[in-house]
>>> print(open('model-v5.txt').read())   # compact mmCIF, C-alpha atoms and all ligand atoms
# COMPACT_ATOMS: atom_id res chain seq x y z
CA MET A 1 0.00 0.00 0.00
CA ASP A 2 2.82 2.37 0.93
CA ASN A 3 4.31 2.26 -2.56
CA ILE A 4 0.95 3.31 -4.03
CA LEU A 5 0.90 6.20 -1.57
CA PHE A 6 4.47 7.11 -2.58
CA LEU A 7 3.45 7.23 -6.25
CA LYS A 8 0.44 9.35 -5.32
CA HIS A 9 2.72 11.89 -3.61
CA LEU A 10 4.99 11.85 -6.63
CA LYS A 11 2.09 12.54 -9.03
CA GLU A 12 0.83 15.34 -6.80
CA SER A 13 4.28 16.96 -6.69
CA LEU A 14 4.45 16.82 -10.49
CA GLU A 15 1.01 18.40 -10.80
CA LYS A 16 1.77 21.11 -8.23
CA ASN A 17 5.24 21.70 -9.63
CA THR A 18 6.84 21.05 -6.23
CA PHE A 19 8.92 18.08 -7.40
CA GLN A 20 12.66 18.56 -6.79
CA LYS A 21 14.38 15.23 -7.26
CA LEU A 22 14.02 11.50 -6.75
CA THR A 23 16.78 9.01 -5.96
CA LEU A 24 16.55 5.24 -6.29
CA SER A 25 19.09 3.25 -4.30
CA LYS A 26 19.80 -0.24 -2.86
CA TYR A 27 19.78 -1.83 -6.29
CA VAL A 28 19.07 -5.57 -6.30
CA GLY A 29 18.54 -6.10 -10.05
CA ALA A 30 20.55 -8.03 -12.62
CA GLU A 31 22.95 -5.31 -13.82
CA ARG A 32 26.27 -5.90 -12.06
CA THR A 33 27.54 -2.32 -11.79
CA LEU A 34 24.37 -0.24 -11.53
CA LEU A 35 24.23 1.72 -8.25
CA ASN A 36 21.49 4.35 -8.38
CA ILE A 37 19.10 6.26 -10.57
CA TYR A 38 18.89 10.03 -10.05
CA ILE A 39 15.87 11.86 -11.43
CA ARG A 40 15.34 15.61 -11.61
CA PRO A 41 13.09 17.98 -13.57
CA VAL A 42 14.42 19.65 -16.71
CA GLU A 43 12.98 21.86 -19.40
CA ILE A 44 13.62 20.83 -22.97
CA ARG A 45 12.31 22.94 -25.82
CA LYS A 46 9.93 24.65 -23.40
CA GLN A 47 8.55 21.30 -22.26
CA ARG A 48 8.93 19.95 -18.73
CA MET A 49 10.57 16.54 -18.68
CA SER A 50 12.29 14.34 -16.13
CA SER A 51 15.99 13.64 -16.58
CA TRP A 52 17.01 10.14 -15.41
CA ILE A 53 20.66 9.35 -14.73
CA TRP A 54 21.56 5.66 -14.40
CA HIS A 55 24.65 5.85 -12.20
CA TYR A 56 27.01 2.88 -12.75
CA GLN A 57 30.33 2.25 -10.99
CA THR A 58 32.37 3.89 -13.74
CA ARG A 59 29.90 5.72 -16.00
CA ASP A 60 26.53 7.41 -16.15
CA VAL A 61 23.75 7.06 -18.70
CA THR A 62 21.15 9.82 -19.06
CA LYS A 63 17.67 9.61 -20.59
CA ASN A 64 14.77 12.03 -20.53
CA VAL A 65 11.29 10.76 -19.72
CA ALA A 66 8.08 12.73 -20.33
CA MET A 67 6.46 13.95 -17.11
CA ASP A 68 3.16 12.21 -17.89
CA THR A 69 4.86 8.78 -18.08
CA PHE A 70 7.29 9.38 -15.20
CA ALA A 71 5.28 7.61 -12.48
CA GLU A 72 4.43 4.78 -14.88
CA ALA A 73 8.12 4.26 -15.69
CA LEU A 74 9.03 4.34 -12.00
CA GLU A 75 6.41 1.94 -10.63
CA PRO A 76 7.93 -1.39 -11.82
CA LEU A 77 11.32 -0.46 -10.35
CA LEU A 78 10.04 0.07 -6.80
CA GLY A 79 10.66 -2.94 -4.59
CA SER A 80 11.73 -5.18 -7.47
CA GLU A 81 14.97 -3.52 -8.60
CA PHE A 82 15.49 -0.82 -5.96
CA LEU A 83 14.76 -1.28 -2.27
CA SER A 84 14.88 2.41 -1.47
CA ALA A 85 13.37 5.50 -3.11
CA ASP A 86 13.67 9.07 -1.85
CA LEU A 87 11.37 11.74 -3.19
CA PHE A 88 12.23 15.37 -2.43
CA THR A 89 9.62 18.05 -2.96
CA SER A 90 9.48 21.64 -1.77
CA GLU A 91 6.76 20.61 0.69
CA ALA A 92 7.97 17.30 2.13
CA ASP A 93 10.49 14.50 1.71
CA TYR A 94 9.25 10.92 1.25
CA SER A 95 11.37 7.80 1.83
CA LEU A 96 10.06 4.48 0.65
CA LEU A 97 11.93 1.47 2.06
CA PHE A 98 11.42 -2.21 1.27
CA ASN A 99 12.46 -5.01 3.64
CA LYS A 100 13.77 -8.44 2.60
CA LYS A 101 10.21 -9.67 2.08
CA ARG A 102 9.69 -6.62 -0.17
CA LYS A 103 7.20 -5.10 2.24
CA ALA A 104 7.13 -1.32 1.81
CA LYS A 105 7.30 1.35 4.50
CA LEU A 106 6.82 5.05 3.78
CA LEU A 107 8.42 7.74 5.94
CA ILE A 108 7.43 11.38 5.51
CA LYS A 109 9.22 14.40 6.88
CA LYS A 110 8.97 18.12 6.38
CA SER A 111 11.10 19.38 3.53
CA GLU A 112 14.49 20.85 4.42
CA SER A 113 14.48 22.93 1.24
CA ARG A 114 11.51 25.02 0.17
CA GLU A 115 13.08 26.31 -3.02
CA THR A 116 11.24 25.71 -6.27
CA PRO A 117 13.31 23.53 -8.57
CA VAL A 118 15.48 25.19 -11.20
CA LEU A 119 15.02 23.62 -14.63
CA THR A 120 18.32 23.43 -16.40
CA HIS A 121 18.10 22.22 -19.99
CA ASP A 122 16.65 25.17 -21.86
CA ARG A 123 17.44 27.99 -19.49
CA VAL A 124 19.53 29.61 -22.16
CA LYS A 125 19.20 33.26 -21.16
CA LYS A 126 17.85 32.94 -17.65
CA ARG A 127 20.17 33.85 -14.80
CA THR A 128 21.75 30.66 -13.61
CA PHE A 129 22.22 31.70 -10.02
CA SER A 130 20.95 34.51 -7.92
CA PRO A 131 23.40 36.91 -6.28
CA ALA A 132 21.00 37.29 -3.36
CA ASN A 133 21.34 33.59 -2.48
CA ALA A 134 25.10 33.47 -2.71
CA ASP A 135 26.65 34.50 0.63
CA TYR A 136 30.15 33.96 -0.72
CA LEU A 137 29.64 36.81 -3.19
CA ASN A 138 29.20 39.10 -0.20
CA ALA A 139 32.39 37.80 1.42
CA LEU A 140 34.19 38.25 -1.92
CA GLY A 141 33.08 41.89 -2.06
CA ILE A 142 30.76 41.47 -5.06
CA THR A 143 27.43 41.98 -3.29
CA ASN A 144 26.29 44.02 -0.28
CA ASN A 145 24.60 42.57 2.81
CA GLU A 146 21.24 42.63 0.99
CA GLY A 147 22.65 40.48 -1.81
CA GLU A 148 22.66 43.32 -4.36
CA VAL A 149 25.59 43.49 -6.74
CA LEU A 150 27.85 46.40 -5.79
CA LYS A 151 28.97 48.90 -8.42
CA GLU A 152 32.57 47.75 -8.07
CA GLY A 153 31.46 44.10 -8.26
CA GLN A 154 29.53 44.46 -11.56
CA LYS A 155 32.40 43.48 -13.83
CA LYS A 156 33.31 40.39 -11.86
CA PHE A 157 29.65 39.45 -11.49
CA ARG A 158 29.09 39.59 -15.26
CA GLN A 159 32.10 37.34 -15.71
CA ILE A 160 30.79 34.83 -13.16
CA ASP A 161 27.36 34.93 -14.77
CA LYS A 162 28.76 34.29 -18.25
CA TYR A 163 31.00 31.54 -16.91
CA ILE A 164 28.08 29.70 -15.32
CA GLU A 165 26.04 30.11 -18.50
CA ILE A 166 28.88 28.48 -20.47
CA ILE A 167 29.32 25.67 -17.93
CA ASP A 168 25.57 25.04 -17.99
CA SER A 169 25.51 24.81 -21.76
CA VAL A 170 28.56 22.47 -21.88
CA LEU A 171 27.09 20.16 -19.23
CA ARG A 172 23.75 19.96 -20.98
CA LYS A 173 25.48 18.42 -23.98
CA HIS A 174 28.15 16.52 -22.04
CA PRO A 175 26.90 15.48 -18.59
CA VAL A 176 29.68 14.42 -16.24
CA GLY A 177 27.71 12.24 -13.87
CA HIS A 178 26.22 12.87 -10.47
CA LYS A 179 29.47 13.17 -8.51
CA PRO A 180 31.91 14.95 -10.79
CA HIS A 181 35.50 15.48 -9.68
CA ILE A 182 36.67 18.90 -10.80
CA VAL A 183 39.94 20.79 -10.45
CA ASP A 184 40.30 24.53 -10.97
CA MET A 185 43.96 25.40 -11.58
CA GLY A 186 45.11 28.88 -10.60
CA SER A 187 41.91 29.52 -8.65
CA GLY A 188 43.04 32.90 -7.27
CA LYS A 189 40.51 34.42 -4.89
CA GLY A 190 38.02 31.72 -5.84
CA TYR A 191 35.15 33.79 -7.37
CA LEU A 192 34.58 31.36 -10.19
CA THR A 193 35.36 28.26 -8.15
CA PHE A 194 32.72 29.10 -5.54
CA ALA A 195 30.15 29.98 -8.21
CA LEU A 196 30.82 26.71 -10.03
CA TYR A 197 30.43 24.63 -6.88
CA ASP A 198 27.27 26.50 -5.89
CA PHE A 199 25.76 26.09 -9.35
CA LEU A 200 26.51 22.37 -9.61
CA ARG A 201 25.36 21.65 -6.08
CA ASN A 202 22.38 23.91 -5.66
CA SER A 203 21.06 24.53 -9.17
CA LEU A 204 21.84 21.19 -10.82
CA GLY A 205 21.47 19.08 -7.66
CA LEU A 206 24.79 17.28 -8.24
CA GLU A 207 27.28 16.21 -5.60
CA PRO A 208 30.51 17.64 -6.98
CA SER A 209 33.93 17.64 -5.37
CA VAL A 210 35.81 20.71 -6.50
CA THR A 211 39.45 21.51 -5.70
CA GLY A 212 41.09 24.85 -6.36
CA ILE A 213 44.88 24.83 -6.80
CA GLU A 214 46.59 28.12 -6.11
CA LEU A 215 50.18 29.19 -5.42
CA ARG A 216 49.29 31.88 -2.91
CA GLN A 217 48.81 30.48 0.60
CA ASN A 218 46.86 33.53 1.87
CA LEU A 219 44.22 33.11 -0.86
CA VAL A 220 43.98 29.38 -0.20
CA ASP A 221 43.43 29.97 3.54
CA PHE A 222 40.80 32.62 2.79
CA CYS A 223 38.95 30.32 0.37
CA ASN A 224 39.06 27.28 2.67
CA ASP A 225 37.63 29.36 5.54
CA LEU A 226 34.89 30.73 3.30
CA ALA A 227 34.00 27.28 1.94
CA ALA A 228 33.63 26.03 5.52
CA GLU A 229 31.46 29.05 6.43
CA CYS A 230 29.20 28.41 3.43
CA GLY A 231 28.90 24.71 4.30
CA PHE A 232 30.46 23.76 0.94
CA ARG A 233 31.85 20.50 2.27
CA LYS A 234 33.38 19.22 -0.93
CA LEU A 235 34.98 22.45 -2.05
CA ASP A 236 38.60 22.72 -0.99
CA PHE A 237 41.69 24.67 -1.93
CA GLN A 238 45.31 23.54 -1.91
CA ALA A 239 48.38 25.78 -1.88
CA LYS A 240 50.73 24.38 -4.50
CA ASP A 241 52.12 24.85 -7.96
CA ILE A 242 49.78 23.23 -10.46
CA PHE A 243 52.84 21.51 -11.87
CA GLU A 244 52.95 19.45 -8.66
CA TYR A 245 49.27 18.49 -8.80
CA GLU A 246 48.55 14.88 -9.74
CA SER A 247 45.15 13.26 -10.10
CA GLU A 248 44.27 9.83 -11.36
CA LYS A 249 41.00 10.67 -13.05
CA LEU A 250 39.26 13.99 -13.48
CA ASP A 251 35.85 14.76 -14.89
CA MET A 252 36.57 18.41 -15.54
CA LEU A 253 39.74 20.49 -15.62
CA ILE A 254 39.42 24.25 -15.45
CA ALA A 255 42.07 26.98 -15.66
CA LEU A 256 40.86 30.54 -16.01
CA HIS A 257 43.39 33.23 -16.70
CA ALA A 258 46.19 31.14 -15.25
CA CYS A 259 49.38 32.99 -16.16
CA ASP A 260 51.24 32.28 -19.45
CA ILE A 261 52.44 28.65 -19.55
CA ALA A 262 50.31 27.72 -16.50
CA THR A 263 47.53 27.27 -19.09
CA ASP A 264 49.69 24.72 -20.94
CA ILE A 265 50.49 22.89 -17.72
CA ALA A 266 46.78 22.76 -16.90
CA ILE A 267 45.84 21.42 -20.35
CA ALA A 268 48.56 18.75 -20.14
CA LYS A 269 47.38 17.73 -16.65
CA GLY A 270 43.79 17.52 -17.93
CA ILE A 271 44.79 15.34 -20.88
CA ARG A 272 46.88 13.06 -18.62
CA ALA A 273 44.03 12.75 -16.12
CA LYS A 274 41.70 11.87 -19.02
CA ALA A 275 39.36 14.70 -18.07
CA GLU A 276 36.04 14.50 -19.90
CA ILE A 277 36.00 18.28 -20.21
CA ILE A 278 38.86 20.78 -20.29
CA ILE A 279 38.03 24.49 -20.06
CA VAL A 280 40.77 27.11 -20.20
CA ALA A 281 40.74 30.86 -20.62
CA PRO A 282 44.35 31.75 -21.44
CA CYS A 283 46.03 34.80 -19.95
CA CYS A 284 49.30 36.40 -21.10
CA HIS A 285 51.15 34.81 -24.03
CA LYS A 286 54.89 35.21 -23.76
CA GLN A 287 56.34 31.87 -24.73
CA LEU A 288 55.86 31.81 -28.52
CA ARG A 289 56.37 35.50 -29.11
CA LYS A 290 60.08 35.21 -28.37
CA GLN A 291 60.47 32.50 -31.03
CA MET A 292 58.25 33.94 -33.75
CA ASN A 293 60.09 34.78 -36.96
CA PRO A 294 57.74 34.36 -39.93
CA VAL A 295 59.32 33.14 -43.14
CA THR A 296 56.44 34.48 -45.28
CA ALA A 297 55.14 37.96 -46.08
CA MET A 298 53.47 37.76 -42.68
CA ALA A 299 56.75 39.22 -41.39
CA GLU A 300 55.61 42.53 -42.89
CA ILE A 301 52.66 42.51 -40.53
CA THR A 302 54.34 41.21 -37.37
CA ARG A 303 57.07 43.85 -37.58
CA PHE A 304 54.50 46.06 -35.80
CA GLY A 305 54.71 45.25 -32.10
CA ILE A 306 51.01 45.16 -31.35
CA MET A 307 50.27 42.97 -34.36
CA GLU A 308 53.13 40.67 -33.38
CA GLU A 309 51.59 40.38 -29.91
CA ARG A 310 48.16 39.53 -31.30
CA GLN A 311 49.59 37.06 -33.79
CA ALA A 312 51.51 35.37 -30.96
CA GLU A 313 48.27 35.05 -28.99
CA LEU A 314 46.47 33.51 -31.96
CA LEU A 315 49.27 31.06 -32.61
CA THR A 316 49.63 30.09 -28.95
CA ASP A 317 45.93 29.38 -28.53
CA GLY A 318 45.49 27.94 -32.02
CA ILE A 319 48.26 25.39 -31.43
CA ARG A 320 46.79 24.61 -28.00
CA ALA A 321 43.45 23.82 -29.67
CA LEU A 322 45.15 21.61 -32.30
CA LEU A 323 47.14 19.76 -29.63
CA MET A 324 43.94 19.11 -27.71
CA GLU A 325 42.38 17.73 -30.90
CA ALA A 326 45.43 15.54 -31.52
CA ASN A 327 45.00 14.19 -27.99
CA GLY A 328 41.35 13.22 -28.25
CA TYR A 329 39.29 16.35 -27.64
CA GLN A 330 36.75 18.16 -29.76
CA VAL A 331 37.51 21.83 -29.28
CA LYS A 332 35.41 24.98 -29.39
CA VAL A 333 36.82 28.46 -29.03
CA LEU A 334 34.55 31.20 -27.83
CA GLU A 335 34.55 34.67 -26.34
CA PHE A 336 34.47 34.33 -22.56
CA VAL A 337 33.89 37.95 -21.61
CA SER A 338 33.47 40.85 -23.95
CA VAL A 339 36.71 42.63 -24.91
CA GLU A 340 35.17 45.71 -23.36
CA HIS A 341 35.89 44.10 -19.94
CA THR A 342 39.24 42.41 -20.58
CA PRO A 343 41.37 41.70 -23.65
CA LYS A 344 42.04 38.23 -22.19
CA ASN A 345 38.75 36.97 -23.43
CA LEU A 346 39.16 33.67 -25.30
CA MET A 347 37.99 30.40 -23.89
CA LEU A 348 38.96 26.96 -25.20
CA ILE A 349 36.52 24.18 -24.41
CA GLY A 350 37.56 20.62 -25.10
CA VAL A 351 35.28 17.63 -24.68
CA LYS A 352 36.45 14.03 -25.00
CA HIS A 353 36.25 12.77 -28.55
CA LYS A 354 38.31 10.63 -30.88
CA ALA A 355 41.92 11.72 -31.40
CA SER A 356 42.88 13.54 -34.57
CA PRO A 357 46.56 12.68 -35.29
CA ALA A 358 46.34 14.77 -38.50
CA ALA A 359 46.35 17.85 -36.26
CA LEU A 360 50.06 17.23 -35.56
CA GLN A 361 50.94 17.76 -39.23
CA LYS A 362 48.93 21.00 -39.22
CA ILE A 363 50.90 22.18 -36.19
CA ALA A 364 54.18 21.32 -37.93
CA ASP A 365 53.11 23.38 -41.00
CA ILE A 366 52.14 26.37 -38.88
CA LYS A 367 55.38 26.22 -36.91
CA ALA A 368 57.44 26.10 -40.09
CA GLU A 369 55.60 29.12 -41.47
CA PHE A 370 56.21 31.15 -38.33
CA GLY A 371 59.72 29.93 -37.58
CA ILE A 372 58.63 28.39 -34.27
CA SER A 373 60.73 25.63 -32.77
CA GLU A 374 58.51 24.45 -29.94
CA HIS A 375 55.22 25.26 -28.24
CA TYR A 376 55.47 24.63 -24.49
CA LEU A 377 52.41 22.35 -24.54
CA GLU A 378 54.09 20.14 -27.14
CA LYS A 379 57.03 19.76 -24.79
CA LEU A 380 54.74 18.84 -21.90
CA LEU A 381 52.87 16.30 -23.99
CA GLY A 382 55.99 14.98 -25.68
CA THR A 383 54.44 15.43 -29.13
CA VAL A 384 57.28 17.34 -30.82
CA ASN A 385 58.80 15.26 -33.62
CA ARG A 386 55.87 12.85 -33.50
CA VAL A 387 54.29 14.16 -36.69
CA PRO A 388 52.80 11.28 -38.68
CA HIS A 389 54.49 10.60 -42.03
CA SER A 390 52.28 11.45 -44.97
C1 LIG B 401 44.76 35.99 -13.01
S1 LIG B 401 44.51 34.97 -11.63
C2 LIG B 401 42.99 34.17 -12.06
C3 LIG B 401 42.24 33.66 -10.88
C4 LIG B 401 40.94 32.96 -11.20
N1 LIG B 401 41.13 31.77 -11.98
C5 LIG B 401 39.97 33.91 -11.90
O1 LIG B 401 39.83 33.79 -13.12
O2 LIG B 401 39.37 34.72 -11.22
C6 LIG B 401 45.70 33.68 -11.89
C7 LIG B 401 46.00 32.91 -10.62
O3 LIG B 401 46.78 31.76 -10.96
C8 LIG B 401 47.75 31.57 -9.95
N2 LIG B 401 48.84 30.81 -10.57
C9 LIG B 401 49.65 31.18 -11.58
N3 LIG B 401 50.53 30.22 -11.88
C10 LIG B 401 50.26 29.19 -11.03
C11 LIG B 401 50.85 27.91 -10.83
N4 LIG B 401 51.86 27.50 -11.57
N5 LIG B 401 50.33 27.12 -9.87
C12 LIG B 401 49.27 27.53 -9.10
N6 LIG B 401 48.70 28.75 -9.25
C13 LIG B 401 49.17 29.57 -10.19
C14 LIG B 401 48.15 32.97 -9.54
O4 LIG B 401 48.71 33.01 -8.24
C15 LIG B 401 46.83 33.71 -9.63
O5 LIG B 401 46.17 33.75 -8.39
>>> encode(input="model-v5.txt", output="structure tokens", more="lines below")
Ligand SMILES: C[S@@+](CC[C@H](N)C(=O)[O-])C[C@H]1O[C@@H](n2cnc3c(N)ncnc32)[C@H](O)[C@@H]1O
Amino acid sequence: MDNILFLKHLKESLEKNTFQKLTLSKYVGAERTLLNIYIRPVEIRKQRMSSWIWHYQTRDVTKNVAMDTFAEALEPLLGSEFLSADLFTSEADYSLLFNKKRKAKLLIKKSESRETPVLTHDRVKKRTFSPANADYLNALGITNNEGEVLKEGQKKFRQIDKYIEIIDSVLRKHPVGHKPHIVDMGSGKGYLTFALYDFLRNSLGLEPSVTGIELRQNLVDFCNDLAAECGFRKLDFQAKDIFEYESEKLDMLIALHACDIATDIAIAKGIRAKAEIIIVAPCCHKQLRKQMNPVTAMAEITRFGIMEERQAELLTDGIRALLMEANGYQVKVLEFVSVEHTPKNLMLIGVKHKASPAALQKIADIKAEFGISEHYLEKLLGTVNRVPHS
């Protein structure tokens, strides 16, 4: 009887739009590595749907199920494949537990969270997080005590907002599972690291673990204290050179405006850790500029200092993108923040894909044309002189 009651509460929450998420656990079915199913509401092409994530030991599979068939799809799983189901709504939380004899027991308690769910799939232009709900923005000097963005915090806030919009759009196409492991290299004062954690945890309902790596001990201490104050249990910061950082497997590697070759180190670390997603926004570009000596008429253009600087930037980031492609990533390059705010505005987004060894020949051609001996990322990846023979 209790499972029928559970389904009734589920249907009511869908009708009243109070549904937040549903988790199935204690799997007893035939699939060896299946652990849980996580279900949350999403909006796809203006239509409300439920997003189901089958969480296996080493991978996740996502499917969307129409809201009107949600309860129907769930019913046969209760008590036969999963012995526990937790329904969270903005009014109450419902736990359905089955004993060994598959007898159901329903426990109901008042909801801990009264927020209405945020639908993620089609929220293209909607603000992805609210400054009023983010206490850390106040501590970081971006908002006042009322949660309003301060005049001097506007620029940074727009950057955070754009960043979260980009992350949201990348994750919609390339979900990284319910418990993604993310590293942010060169996290600085942590603005973007906190916003990322908050967005993943509180808007997407994931359970991320996010680590910021930063050289400066005082910033790391500040960020760790703030994370503890905010109750962000799985957000931590470590004081070290990113060169020293080692991780076996990463879901996402991020490096935003990490200085000069720190971007290359971060990309190489991401590739080595087989990160599903690599996101970098390069900063200054010194390494290639010193080597550049075009053998073509391009030399007539790069003899002007500012043009040489811009050409060096293009080459540095262009070769980075090609090296990521050669190493198994599909790469997009987009404008992170408008040039009106900062000239350091490119963002490279790589998502795991099949490797493109042909990219190495393209790099060799470009280097020959510009008289470049070695890009630092090639050195880190050991790809120099590994151009395939045509
Ligand atoms: C321009 S700040 C960007 C901070 C932050 N990512 C943002 O976008 O707001 C770059 C940060 O990277 C740190 N950094 C530079 N090289 C690093 C390295 N090799 N290891 C760790 N941190 C590094 C610097 O100390 C600095 O705080």
>>> residues_near_ligand(input="model-v5.txt", ligand="ligand LIG 401 (chain B)", cutoff="8 Å", atoms="all atoms listed in the file", output="list in words")
Asp184, Met185, Gly186, Ser187, Gly188, Lys189, Gly190, Tyr191, Leu192, Thr193, Ile213, Glu214, Leu215, Arg216, Leu219, Ala239, Lys240, Asp241, Ile242, Phe243, Ala255, Leu256, His257, Ala258, Cys259, Asp260, Ala262, Ile265 and Cys283 of chain A
>>> residues_around(input="model-v5.txt", residues="Leu14 of chain A", least_positions_apart="3", cutoff="12 Å", atoms="only C-alpha atoms", output="list in words")
Leu7, Lys8, His9, Leu10, Lys11, Asn17, Thr18, Phe19, Gln20, Lys21, Leu22, Arg40, Pro41, Arg48, Met49, Ser50, Ala66, Met67, Asp68, Thr69, Phe70, Ala71, Leu87, Phe88, Thr89, Ser90, Thr116 and Pro117 of chain A
>>> residues_around(input="model-v5.txt", residues="Asp225 of chain A", least_positions_apart="4", cutoff="12 Å", atoms="all atoms listed in the file", output="VMD selection string")
chain A and resid 136 139 189 to 190 218 to 221 229 to 233 235 to 237
>>> residues_around(input="model-v5.txt", residues="segment 360-374 of chain A", least_positions_apart="6", cutoff="7 Å", atoms="all atoms listed in the file", output="NGL selection string")
:A and (291-296 or 319 or 322 or 326 or 387-388)
>>> atom_distance(input="model-v5.txt", atom1="atom CA of Gly29 of chain A", atom2="atom CA of Glu81 of chain A")
4.6 Å
>>> closest_residue(input="model-v5.txt", among="A:Lys234, A:Lys332, A:Lys162, A:Lys151", to="Pro180 of chain A", atoms="all atoms listed in the file")
A:Lys234
>>> closest_residue(input="model-v5.txt", among="A:Glu207, A:Glu309, A:Gly328, A:Arg172", to="Gly270 of chain A", atoms="only C-alpha atoms")
A:Gly328
>>> closest_residue(input="model-v5.txt", among="A:Ile4, A:Leu381, A:Ile167, A:Leu35", to="Glu75 of chain A", atoms="all atoms listed in the file")
A:Ile4
>>> atom_distance(input="model-v5.txt", atom1="atom CA of Asp86 of chain A", atom2="atom CA of His178 of chain A")
15.7 Å
>>> closest_residue(input="model-v5.txt", among="A:Glu335, A:Glu325, A:Glu15, A:Glu148", to="Ser356 of chain A", atoms="all atoms listed in the file")
A:Glu325
>>> residues_near_point(input="model-v5.txt", point="(48.7, 18.3, -22.7)", cutoff="12 Å", atoms="all atoms listed in the file", output="number ranges by chain")
A: 253, 261-275, 278, 319-329, 350, 375-384
>>> write_last_selection(input="model-v5.txt", atoms="C-alpha atoms", output="mmCIF file, in the coordinates of the input")
data_model
loop_
_atom_site.group_PDB
_atom_site.id
_atom_site.type_symbol
_atom_site.label_atom_id
_atom_site.label_comp_id
_atom_site.auth_asym_id
_atom_site.auth_seq_id
_atom_site.Cartn_x
_atom_site.Cartn_y
_atom_site.Cartn_z
ATOM 1 C CA LEU A 253 39.740 20.490 -15.620
ATOM 2 C CA ILE A 261 52.440 28.650 -19.550
ATOM 3 C CA ALA A 262 50.310 27.720 -16.500
ATOM 4 C CA THR A 263 47.530 27.270 -19.090
ATOM 5 C CA ASP A 264 49.690 24.720 -20.940
ATOM 6 C CA ILE A 265 50.490 22.890 -17.720
ATOM 7 C CA ALA A 266 46.780 22.760 -16.900
ATOM 8 C CA ILE A 267 45.840 21.420 -20.350
ATOM 9 C CA ALA A 268 48.560 18.750 -20.140
ATOM 10 C CA LYS A 269 47.380 17.730 -16.650
ATOM 11 C CA GLY A 270 43.790 17.520 -17.930
ATOM 12 C CA ILE A 271 44.790 15.340 -20.880
ATOM 13 C CA ARG A 272 46.880 13.060 -18.620
ATOM 14 C CA ALA A 273 44.030 12.750 -16.120
ATOM 15 C CA LYS A 274 41.700 11.870 -19.020
ATOM 16 C CA ALA A 275 39.360 14.700 -18.070
ATOM 17 C CA ILE A 278 38.860 20.780 -20.290
ATOM 18 C CA ILE A 319 48.260 25.390 -31.430
ATOM 19 C CA ARG A 320 46.790 24.610 -28.000
ATOM 20 C CA ALA A 321 43.450 23.820 -29.670
ATOM 21 C CA LEU A 322 45.150 21.610 -32.300
ATOM 22 C CA LEU A 323 47.140 19.760 -29.630
ATOM 23 C CA MET A 324 43.940 19.110 -27.710
ATOM 24 C CA GLU A 325 42.380 17.730 -30.900
ATOM 25 C CA ALA A 326 45.430 15.540 -31.520
ATOM 26 C CA ASN A 327 45.000 14.190 -27.990
ATOM 27 C CA GLY A 328 41.350 13.220 -28.250
ATOM 28 C CA TYR A 329 39.290 16.350 -27.640
ATOM 29 C CA GLY A 350 37.560 20.620 -25.100
ATOM 30 C CA HIS A 375 55.220 25.260 -28.240
ATOM 31 C CA TYR A 376 55.470 24.630 -24.490
ATOM 32 C CA LEU A 377 52.410 22.350 -24.540
ATOM 33 C CA GLU A 378 54.090 20.140 -27.140
ATOM 34 C CA LYS A 379 57.030 19.760 -24.790
ATOM 35 C CA LEU A 380 54.740 18.840 -21.900
ATOM 36 C CA LEU A 381 52.870 16.300 -23.990
ATOM 37 C CA GLY A 382 55.990 14.980 -25.680
ATOM 38 C CA THR A 383 54.440 15.430 -29.130
ATOM 39 C CA VAL A 384 57.280 17.340 -30.820
#
>>> residues_around(input="model-v5.txt", residues="Leu196 of chain A", least_positions_apart="6", cutoff="12 Å", atoms="all atoms listed in the file", output="ChimeraX atom specification")
/A:128-129,134,136,160-168,171,180,182-184,187,190,202-204,206-212,232,235,252,254
>>> closest_residue(input="model-v5.txt", among="A:Ile142, A:Tyr197, A:Gly205, A:Glu244", to="Ser51 of chain A", atoms="only C-alpha atoms")
A:Gly205
>>> atom_distance(input="model-v5.txt", atom1="atom CA of Leu150 of chain A", atom2="atom CA of Asn138 of chain A")
9.3 Å
>>> closest_residue(input="model-v5.txt", among="A:Val149, A:Ile108, A:Val176, A:Leu97", to="Ile53 of chain A", atoms="all atoms listed in the file")
A:Val176
